[in-house]
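A.B. asks: Mind looking over this structure? Questions follow.
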Amino acid sequence: MNVAHVDDLDRIELDDGFVWRPIRRRFGIRAFGVNAYTPREAGGQVIEEHDESRLGHEEIYLVLRGRARFTIDGNEHELGPGQLVFLRDPSLKRGAVALDAETVVLALGGKPGVAHEPSAWEGMFAAVPYAREERWDEAIRMHEEALVEHPEHPALLYNLACMEARGGRNLDALLHLKRAAELEPRWAEYAAKDSDFAAIRSEPGFPA
Amino acid sequence: MSKGYEVLSLDDLGAYPRPQKDGPLLMPLRLRLGVQAFGANCWTAPVGSLVVPRHEEDSGHEELYVIVRGRATFTVGEQTFDAPAGTLVHVEAGVLREAVAEEPDTVVLVAGGTPGKAFEAFGWESVQVAFAEGVAGRVEEGRTALNEAIAGRPGHWSNAYNLACYESRFGDLDAAFAQLREALATAPPEEIGGYLEGDDDLARMRDDPRWAEVTG
């Protein structure tokens with residue numbers, strides 16, 4: 001049965017300090033985006049600072065438990081249980097810090113007027129625990145699954161190439177990195193300095 | 001505050017009963033915020049009453065129920081289970097589900113949409129809000145809610161039909177017949193036909209000589 005308590009969701013700690021608690025992936029939801037977020041500790045980030053310009057999503061952030069201080073478009077709002085912020089403008093910068101270690105924020109999102117597509121970042125986030133443990137096969141699999149729905153997503157291709165390079169799949173890494181750089185040249189600039197590509201930087205065809 | 005975002009407490013949404021039916025009270029989140037990308041509403045109910053009515057979601061929506069506060073007993077398909085605050089329940093379209101509130105002030109958030117399709121707001125929230133306003137004697141507020149629903153989905157007969165029902169119950173018959181004419185001009189006969197004879201909201205209109213002319 002598709003039932004879970006927020007405390008029983010997977011905990012995926014991300015480098016920016018917040019903890020992703022995947023809901024959409026857990027249940028296989030296709031019609032809209034939905035996830036929960038918790039902090040590592042009181043005072044820690046619970047919603048990463050970002051905007052939704054690329055995806056065009058409108059978003060609801062609802063505090064289910066604890067308290068969080070949101071910064072929206074430069075304005076601060078302290079919200080407790082049952083309080084929410086709705087962002088209809090995707091370009092607005094948003095983020096939140098948890099004021100309580102037990103804080104849980106539910107996030108709902110989607111783009112008006114179009115059928116929802118699961119976001120590519122979910123695959124990259126899901127790969128983080130595996131990459132942290134250098135379990136490259138699993139990390140690559142997370143990216144490949146996301147790539148099925150987003151075959152031309154530059155950041156996804158780039159991150160997949162990182163995992164492949166670290167995992168010794170040099171040819172695959174070169175192919176995916178090359179494609180990412182073709183789609184967005186800035187990825188070639190990143191690759192030039194990225195330690196993940198140390199093993200393949202001298203290979204012929206490495207984007208310069 | 002900029003127009004690009006809004007801060008809100010669920011307690012500010014109000015709670016509206018369903019027209020002519022017992023059941024949970026709607027806390028119209030999507031309507032209040034103007035969410036366009038997905039369905040999102042809250043429901044509340046007294047202890048021992050349905051906070052999620054028994055239904056299968058024939059709209060094709062998959063739904064996620066989030067117990068925001070309180071506690072509920074859910075039945076999904078053949079299984080019944082306890083759902084304290086923080087519980088998430090995902091139900092596909094076509095599966096029978098219901099939930100009973102077990103604690104005071106239980107609030108359930110429901111998010112929904114049809115996989116593979118852009119979300120479309122049909123205006124049912126406006127109908128529920130409007131009729132609750134009408135029953136409470138705030139006729140103009142209810143009329144405004146339905147007119148906003150018509151403006152939000154122009155050309156679709158159901159909102160004009162609902163405004164005809166509303167005017168028949170709470171307003172004046174001239175306006176009711178004007179809206180019914182509007183609805184009949186665009187409604188497929190097989191969709192609206194059943195409502196014309198069976199809808200109690202139209203009872204006052206059926207006694208009027210214009211009824212035969214408009215519906216004949």
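Ordering of the structure tokens sets the chain letters (A, B, ...), residue numbers begin anew at 1 in every chain, and ligands are numbered from 1 in the order given.
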If DSSP is run on the backbone, what residues of range 26-206 of chain A are alpha helix (DSSP H)? A reply as a ChimeraX atom specification would be ideal.
C.D. replies: /A:26-27,120-132,136-149,154-166,170-183,186-193
A.B. asks: Considering only C-alpha atoms, give me a table of residues in chain B that are at most 7 Å from chain A, with the closest atom pair and distance in Å for each, as CSV.
C.D. replies:
residue,atom,partner,partner_atom,distance
B:Gly4,CA,A:Asp89,CA,4.6
B:Tyr5,CA,A:Leu87,CA,4.2
B:Glu6,CA,A:Phe86,CA,5.2
B:Val7,CA,A:Val85,CA,4.3
B:Leu8,CA,A:Leu84,CA,5.4
B:Ser9,CA,A:Gln83,CA,4.2
B:Leu10,CA,A:Gly82,CA,5.6
B:Gln36,CA,A:Pro112,CA,5.1
B:Ala37,CA,A:Pro112,CA,4.0
B:Phe38,CA,A:Phe32,CA,6.4
B:Val68,CA,A:Leu64,CA,6.2
B:Gly86,CA,A:Val6,CA,5.5
B:Thr87,CA,A:His5,CA,4.2
B:Leu88,CA,A:Ala4,CA,5.3
B:Val89,CA,A:Val3,CA,4.6
B:His90,CA,A:Asn2,CA,5.3
B:Gly113,CA,A:Ala31,CA,5.0
B:Thr114,CA,A:Ala31,CA,5.3
B:Pro115,CA,A:Ala31,CA,4.2
B:Gly116,CA,A:Ala115,CA,5.1
B:Lys117,CA,A:Ala115,CA,4.4
B:Ala118,CA,A:Ala115,CA,4.0
B:Phe119,CA,A:Gly113,CA,6.6
A.B. asks: Based on the selection just made, write N, CA and C atoms of those residues as a PDB file, in the first residue's frame.
C.D. replies:
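Result went into result-v7.pdb, see below:
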ATOM      1  N   GLY B   4       4.246  38.202  -6.609  1.00  0.00           N
ATOM      2  CA  GLY B   4       4.788  36.915  -7.034  1.00  0.00           C
ATOM      3  C   GLY B   4       4.698  35.822  -6.004  1.00  0.00           C
ATOM      4  N   TYR B   5       4.332  36.179  -4.771  1.00  0.00           N
ATOM      5  CA  TYR B   5       4.180  35.140  -3.758  1.00  0.00           C
ATOM      6  C   TYR B   5       3.208  35.575  -2.679  1.00  0.00           C
ATOM      7  N   GLU B   6       2.798  34.592  -1.875  1.00  0.00           N
ATOM      8  CA  GLU B   6       1.811  34.866  -0.840  1.00  0.00           C
ATOM      9  C   GLU B   6       2.086  33.961   0.344  1.00  0.00           C
ATOM     10  N   VAL B   7       1.984  34.530   1.538  1.00  0.00           N
ATOM     11  CA  VAL B   7       2.135  33.762   2.772  1.00  0.00           C
ATOM     12  C   VAL B   7       0.760  33.608   3.394  1.00  0.00           C
ATOM     13  N   LEU B   8       0.477  32.409   3.885  1.00  0.00           N
ATOM     14  CA  LEU B   8      -0.888  32.115   4.317  1.00  0.00           C
ATOM     15  C   LEU B   8      -0.864  31.074   5.422  1.00  0.00           C
ATOM     16  N   SER B   9      -1.835  31.168   6.327  1.00  0.00           N
ATOM     17  CA  SER B   9      -2.062  30.094   7.289  1.00  0.00           C
ATOM     18  C   SER B   9      -3.293  29.308   6.845  1.00  0.00           C
ATOM     19  N   LEU B  10      -3.259  28.009   7.007  1.00  0.00           N
ATOM     20  CA  LEU B  10      -4.436  27.212   6.650  1.00  0.00           C
ATOM     21  C   LEU B  10      -5.659  27.672   7.435  1.00  0.00           C
ATOM     22  N   GLN B  36      -2.421  26.951 -10.379  1.00  0.00           N
ATOM     23  CA  GLN B  36      -2.840  26.529 -11.717  1.00  0.00           C
ATOM     24  C   GLN B  36      -2.247  25.186 -12.139  1.00  0.00           C
ATOM     25  N   ALA B  37      -1.197  24.743 -11.473  1.00  0.00           N
ATOM     26  CA  ALA B  37      -0.451  23.587 -11.977  1.00  0.00           C
ATOM     27  C   ALA B  37      -0.937  22.255 -11.433  1.00  0.00           C
ATOM     28  N   PHE B  38      -1.630  22.272 -10.319  1.00  0.00           N
ATOM     29  CA  PHE B  38      -2.084  21.014  -9.719  1.00  0.00           C
ATOM     30  C   PHE B  38      -3.242  21.321  -8.767  1.00  0.00           C
ATOM     31  N   VAL B  68      -2.224  16.804   7.861  1.00  0.00           N
ATOM     32  CA  VAL B  68      -1.490  17.991   8.324  1.00  0.00           C
ATOM     33  C   VAL B  68      -1.562  18.090   9.838  1.00  0.00           C
ATOM     34  N   GLY B  86       1.248  13.768   9.760  1.00  0.00           N
ATOM     35  CA  GLY B  86       2.508  13.451   9.098  1.00  0.00           C
ATOM     36  C   GLY B  86       2.417  12.241   8.177  1.00  0.00           C
ATOM     37  N   THR B  87       1.244  11.588   8.172  1.00  0.00           N
ATOM     38  CA  THR B  87       1.074  10.419   7.289  1.00  0.00           C
ATOM     39  C   THR B  87       0.775  10.894   5.864  1.00  0.00           C
ATOM     40  N   LEU B  88       1.344  10.171   4.899  1.00  0.00           N
ATOM     41  CA  LEU B  88       1.132  10.426   3.476  1.00  0.00           C
ATOM     42  C   LEU B  88       0.455   9.205   2.869  1.00  0.00           C
ATOM     43  N   VAL B  89      -0.619   9.424   2.121  1.00  0.00           N
ATOM     44  CA  VAL B  89      -1.352   8.311   1.505  1.00  0.00           C
ATOM     45  C   VAL B  89      -1.511   8.630   0.026  1.00  0.00           C
ATOM     46  N   HIS B  90      -0.969   7.784  -0.826  1.00  0.00           N
ATOM     47  CA  HIS B  90      -1.091   7.984  -2.276  1.00  0.00           C
ATOM     48  C   HIS B  90      -2.113   7.004  -2.828  1.00  0.00           C
ATOM     49  N   GLY B 113      -3.813  15.412  -9.547  1.00  0.00           N
ATOM     50  CA  GLY B 113      -3.684  15.734 -10.958  1.00  0.00           C
ATOM     51  C   GLY B 113      -3.711  14.450 -11.768  1.00  0.00           C
ATOM     52  N   THR B 114      -3.886  14.607 -13.085  1.00  0.00           N
ATOM     53  CA  THR B 114      -3.916  13.449 -13.973  1.00  0.00           C
ATOM     54  C   THR B 114      -2.550  13.276 -14.612  1.00  0.00           C
ATOM     55  N   PRO B 115      -1.917  12.121 -14.433  1.00  0.00           N
ATOM     56  CA  PRO B 115      -0.609  11.897 -15.060  1.00  0.00           C
ATOM     57  C   PRO B 115      -0.678  12.103 -16.574  1.00  0.00           C
ATOM     58  N   GLY B 116       0.291  12.835 -17.095  1.00  0.00           N
ATOM     59  CA  GLY B 116       0.363  13.018 -18.544  1.00  0.00           C
ATOM     60  C   GLY B 116      -0.539  14.106 -19.095  1.00  0.00           C
ATOM     61  N   LYS B 117      -1.252  14.795 -18.210  1.00  0.00           N
ATOM     62  CA  LYS B 117      -2.144  15.864 -18.675  1.00  0.00           C
ATOM     63  C   LYS B 117      -1.896  17.142 -17.880  1.00  0.00           C
ATOM     64  N   ALA B 118      -2.025  18.261 -18.558  1.00  0.00           N
ATOM     65  CA  ALA B 118      -1.945  19.536 -17.845  1.00  0.00           C
ATOM     66  C   ALA B 118      -3.140  19.654 -16.911  1.00  0.00           C
ATOM     67  N   PHE B 119      -2.893  20.192 -15.737  1.00  0.00           N
ATOM     68  CA  PHE B 119      -3.984  20.353 -14.776  1.00  0.00           C
ATOM     69  C   PHE B 119      -4.979  21.392 -15.281  1.00  0.00           C
TER      70      PHE B 119
END
A.B. asks: Any idea what's packed within 10 Å of range 133-142 of chain B, counting only C-alpha atoms, ignoring anything in its chain fewer than 5 positions away? Could you give it as a ChimeraX atom specification?
C.D. replies: /B:16-17,19-20,126-128,147-148,163,166-167,169-171
A.B. asks: Excluding Arg18 in chain B and its own-chain neighbours fewer than 2 positions away, which residues fall within 12 Å of it when counting only C-alpha atoms? Please give them as a ChimeraX atom specification.
C.D. replies: /B:15-16,20-28,43-45,51,53,124-135
A.B. asks: Now that the selection is made, can you save its residues with N, CA and C atoms as a CSV table (one decimal), in the first residue's frame?
C.D. replies:
chain,number,residue,atom,x,y,z
B,15,ALA,N,-13.8,27.3,6.1
B,15,ALA,CA,-14.2,25.9,6.0
B,15,ALA,C,-15.7,25.9,5.5
B,16,TYR,N,-15.9,25.4,4.3
B,16,TYR,CA,-17.2,25.5,3.6
B,16,TYR,C,-17.8,24.1,3.4
B,20,GLN,N,-26.0,21.1,-0.1
B,20,GLN,CA,-27.1,20.1,0.0
B,20,GLN,C,-26.6,18.7,0.5
B,21,LYS,N,-25.4,18.6,1.0
B,21,LYS,CA,-24.9,17.3,1.4
B,21,LYS,C,-24.2,17.5,2.8
B,22,ASP,N,-24.2,16.4,3.5
B,22,ASP,CA,-23.4,16.3,4.7
B,22,ASP,C,-21.9,16.0,4.2
B,23,GLY,N,-21.0,16.0,5.1
B,23,GLY,CA,-19.7,15.6,4.7
B,23,GLY,C,-18.6,16.6,5.1
B,24,PRO,N,-17.4,16.5,4.6
B,24,PRO,CA,-16.3,17.3,5.1
B,24,PRO,C,-16.5,18.7,4.6
B,25,LEU,N,-15.7,19.6,5.3
B,25,LEU,CA,-15.7,21.0,5.0
B,25,LEU,C,-14.5,21.3,4.2
B,26,LEU,N,-14.7,22.0,3.1
B,26,LEU,CA,-13.6,22.4,2.2
B,26,LEU,C,-12.9,23.6,2.7
B,27,MET,N,-11.6,23.5,2.7
B,27,MET,CA,-10.7,24.7,3.0
B,27,MET,C,-10.0,25.0,1.7
B,28,PRO,N,-10.6,25.9,0.9
B,28,PRO,CA,-10.2,26.0,-0.5
B,28,PRO,C,-8.9,26.7,-0.8
B,43,TRP,N,-9.2,19.7,3.8
B,43,TRP,CA,-10.5,19.3,4.3
B,43,TRP,C,-10.5,19.1,5.8
B,44,THR,N,-11.6,19.4,6.4
B,44,THR,CA,-11.7,19.2,7.8
B,44,THR,C,-13.1,18.6,8.1
B,45,ALA,N,-13.2,18.0,9.3
B,45,ALA,CA,-14.5,17.4,9.7
B,45,ALA,C,-14.6,17.2,11.2
B,51,VAL,N,-13.8,12.9,6.7
B,51,VAL,CA,-12.9,14.0,6.3
B,51,VAL,C,-12.5,13.9,4.8
B,53,PRO,N,-14.5,12.1,1.7
B,53,PRO,CA,-15.7,11.4,1.3
B,53,PRO,C,-15.4,10.1,0.5
B,124,TRP,N,-15.1,23.5,-9.3
B,124,TRP,CA,-16.0,22.9,-8.3
B,124,TRP,C,-15.8,23.5,-7.0
B,125,GLU,N,-14.6,24.0,-6.7
B,125,GLU,CA,-14.4,24.6,-5.4
B,125,GLU,C,-15.2,25.9,-5.3
B,126,SER,N,-15.3,26.6,-6.4
B,126,SER,CA,-16.1,27.9,-6.4
B,126,SER,C,-17.6,27.6,-6.1
B,127,VAL,N,-18.1,26.4,-6.6
B,127,VAL,CA,-19.5,26.1,-6.4
B,127,VAL,C,-19.7,25.8,-4.9
B,128,GLN,N,-18.8,25.0,-4.3
B,128,GLN,CA,-18.9,24.7,-2.9
B,128,GLN,C,-18.9,26.0,-2.1
B,129,VAL,N,-17.9,26.8,-2.4
B,129,VAL,CA,-17.8,28.1,-1.6
B,129,VAL,C,-19.0,28.9,-1.8
B,130,ALA,N,-19.5,29.1,-3.1
B,130,ALA,CA,-20.6,29.9,-3.4
B,130,ALA,C,-21.9,29.5,-2.7
B,131,PHE,N,-22.2,28.2,-2.7
B,131,PHE,CA,-23.4,27.7,-2.1
B,131,PHE,C,-23.4,27.9,-0.6
B,132,ALA,N,-22.2,27.6,0.0
B,132,ALA,CA,-22.1,27.8,1.4
B,132,ALA,C,-22.3,29.3,1.8
B,133,GLU,N,-21.8,30.2,1.0
B,133,GLU,CA,-22.0,31.6,1.2
B,133,GLU,C,-23.5,31.9,1.1
B,134,GLY,N,-24.2,31.3,0.0
B,134,GLY,CA,-25.6,31.6,-0.2
B,134,GLY,C,-26.4,31.1,1.0
B,135,VAL,N,-26.1,29.9,1.5
B,135,VAL,CA,-26.8,29.3,2.7
B,135,VAL,C,-26.6,30.2,3.9
A.B. asks: Set the distance at 9 Å and use only C-alpha atoms: which residues neighbour Ile67 in chain B once local chain neighbours fewer than 3 positions away are removed? I'd like the list as a list in words.
C.D. replies: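 Result of the neighbour search: Gly70, Arg71, Ala72, Ala83, Pro84, Ala85, Gly86, Thr87, Leu88, Val89, Thr106, Val107, Val108, Leu109 and Val110 of chain B.
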A.B. asks: Can you work out the spacing between CA of Pro151 in chain A and CA of His176 in chain A in Å, to one decimal?
C.D. replies: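 These atoms are spaced 10.4 Å apart.
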A.B. asks: What are the DSSP strand (DSSP E) residues of range 75-130 of chain A, as a ChimeraX atom specification?
C.D. replies: /A:75-79,83-87,94-98,104-110
A.B. asks: Can you work out the spacing between CA of Val128 in chain A and CA of Pro207 in chain A in Å, to one decimal?
C.D. replies: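 Separation between CA of Val128 in chain A and CA of Pro207 in chain A: 24.7 Å.
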A.B. asks: Which of these residues is nearest to Glu56 in chain B, using only C-alpha atoms: B:Ala185, B:Ala93, B:Leu13, B:Leu180?
C.D. replies: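 Of the candidates, the smallest distance to Glu56 in chain B is held by B:Ala93.
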A.B. asks: Could you pull the residues within 12 Å of range 190-198 of chain A, counting only C-alpha atoms, minus those fewer than 3 positions along the same chain, as an NGL selection string?
C.D. replies: :A and (131 or 134 or 136 or 155 or 157-171 or 173-174 or 176-178 or 180-181 or 184-187 or 201-203 or 206-208)
A.B. asks: Quote the spacing between CA of Ala203 in chain B and CA of Thr215 in chain B in Å to one decimal place.
C.D. replies: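 Taking CA of Ala203 in chain B as the start and CA of Thr215 in chain B as the end point, the length is 13.5 Å.
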A.B. asks: Can you pull out every residue within 12 Å of Arg206 in chain B, counting only C-alpha atoms, but drop anything in the same chain fewer than 2 positions away, and send it as a short mmCIF file (atom, residue, chain, number, x, y, z; two decimals) with N, CA and C atoms, in the first residue's frame?
C.D. replies:
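To be explicit, this is the file written out as out-v1.cif:
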data_model
loop_
_atom_site.label_atom_id
_atom_site.label_comp_id
_atom_site.auth_asym_id
_atom_site.auth_seq_id
_atom_site.Cartn_x
_atom_site.Cartn_y
_atom_site.Cartn_z
N CYS B 165 -28.31 27.64 -11.10
CA CYS B 165 -28.79 26.96 -9.89
C CYS B 165 -28.73 27.91 -8.70
N SER B 168 -31.32 30.57 -8.88
CA SER B 168 -32.62 29.97 -8.61
C SER B 168 -32.85 29.80 -7.11
N LEU B 173 -35.01 35.05 -10.45
CA LEU B 173 -35.26 34.10 -11.53
C LEU B 173 -34.84 34.65 -12.89
N ALA B 176 -31.39 33.73 -13.20
CA ALA B 176 -31.29 32.27 -13.29
C ALA B 176 -31.58 31.80 -14.72
N PHE B 177 -32.64 32.34 -15.32
CA PHE B 177 -32.97 31.92 -16.69
C PHE B 177 -31.91 32.39 -17.69
N LEU B 180 -29.16 29.94 -17.40
CA LEU B 180 -29.53 28.62 -17.93
C LEU B 180 -29.52 28.64 -19.46
N LEU B 196 -31.31 18.74 -15.75
CA LEU B 196 -32.45 19.64 -15.88
C LEU B 196 -33.67 19.12 -15.12
N GLU B 197 -33.89 17.82 -15.18
CA GLU B 197 -35.09 17.28 -14.53
C GLU B 197 -34.85 16.89 -13.09
N GLY B 198 -33.61 16.61 -12.74
CA GLY B 198 -33.38 16.05 -11.41
C GLY B 198 -32.78 16.98 -10.39
N ASP B 199 -32.37 18.16 -10.79
CA ASP B 199 -31.63 19.04 -9.88
C ASP B 199 -32.60 19.86 -9.02
N ASP B 200 -32.55 19.63 -7.71
CA ASP B 200 -33.45 20.33 -6.79
C ASP B 200 -33.23 21.84 -6.81
N ASP B 201 -32.02 22.26 -7.14
CA ASP B 201 -31.74 23.69 -7.16
C ASP B 201 -32.61 24.43 -8.17
N LEU B 202 -33.10 23.70 -9.17
CA LEU B 202 -33.87 24.35 -10.23
C LEU B 202 -35.38 24.31 -9.96
N ALA B 203 -35.79 23.83 -8.79
CA ALA B 203 -37.22 23.61 -8.52
C ALA B 203 -38.04 24.88 -8.74
N ARG B 204 -37.52 26.02 -8.26
CA ARG B 204 -38.29 27.26 -8.38
C ARG B 204 -38.47 27.66 -9.84
N ASP B 208 -42.01 28.17 -13.25
CA ASP B 208 -42.12 29.43 -13.99
C ASP B 208 -42.46 29.13 -15.45
N PRO B 209 -43.34 29.94 -16.07
CA PRO B 209 -43.72 29.69 -17.48
C PRO B 209 -42.52 29.69 -18.43
N ARG B 210 -41.45 30.35 -18.07
CA ARG B 210 -40.27 30.39 -18.97
C ARG B 210 -39.54 29.06 -19.06
N TRP B 211 -39.80 28.18 -18.11
CA TRP B 211 -39.08 26.91 -18.07
C TRP B 211 -39.24 26.12 -19.37
N ALA B 212 -40.50 25.98 -19.81
CA ALA B 212 -40.76 25.19 -21.02
C ALA B 212 -40.12 25.84 -22.24
N GLU B 213 -40.20 27.17 -22.28
CA GLU B 213 -39.61 27.87 -23.43
C GLU B 213 -38.09 27.67 -23.48
N VAL B 214 -37.45 27.77 -22.33
CA VAL B 214 -35.98 27.71 -22.29
C VAL B 214 -35.49 26.27 -22.47
N THR B 215 -36.18 25.33 -21.90
CA THR B 215 -35.67 23.95 -21.92
C THR B 215 -36.32 23.09 -23.00
N GLY B 216 -37.34 23.64 -23.63
CA GLY B 216 -38.10 22.82 -24.58
C GLY B 216 -37.35 22.50 -25.85
#
A.B. asks: Which residue gives the smallest distance to Leu156 in chain A among A:Leu183, A:Arg11, A:Arg132, A:Met124, with only C-alpha atoms counted?
C.D. replies: A:Met124
A.B. asks: Looking at only C-alpha atoms, which of A:Gly56, A:Pro118, A:Gly66, A:Gly17 is the one that sits closest to Asn35 in chain A?
C.D. replies: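 For Asn35 in chain A, the nearest of the given residues is A:Pro118.
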A.B. asks: Considering only C-alpha atoms, state which residue in the set B:Tyr65, B:Phe74, B:Tyr161, B:Tyr195 is at the smallest distance from Ala99 in chain B.
C.D. replies: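 For Ala99 in chain B, the nearest of the candidates is B:Phe74.
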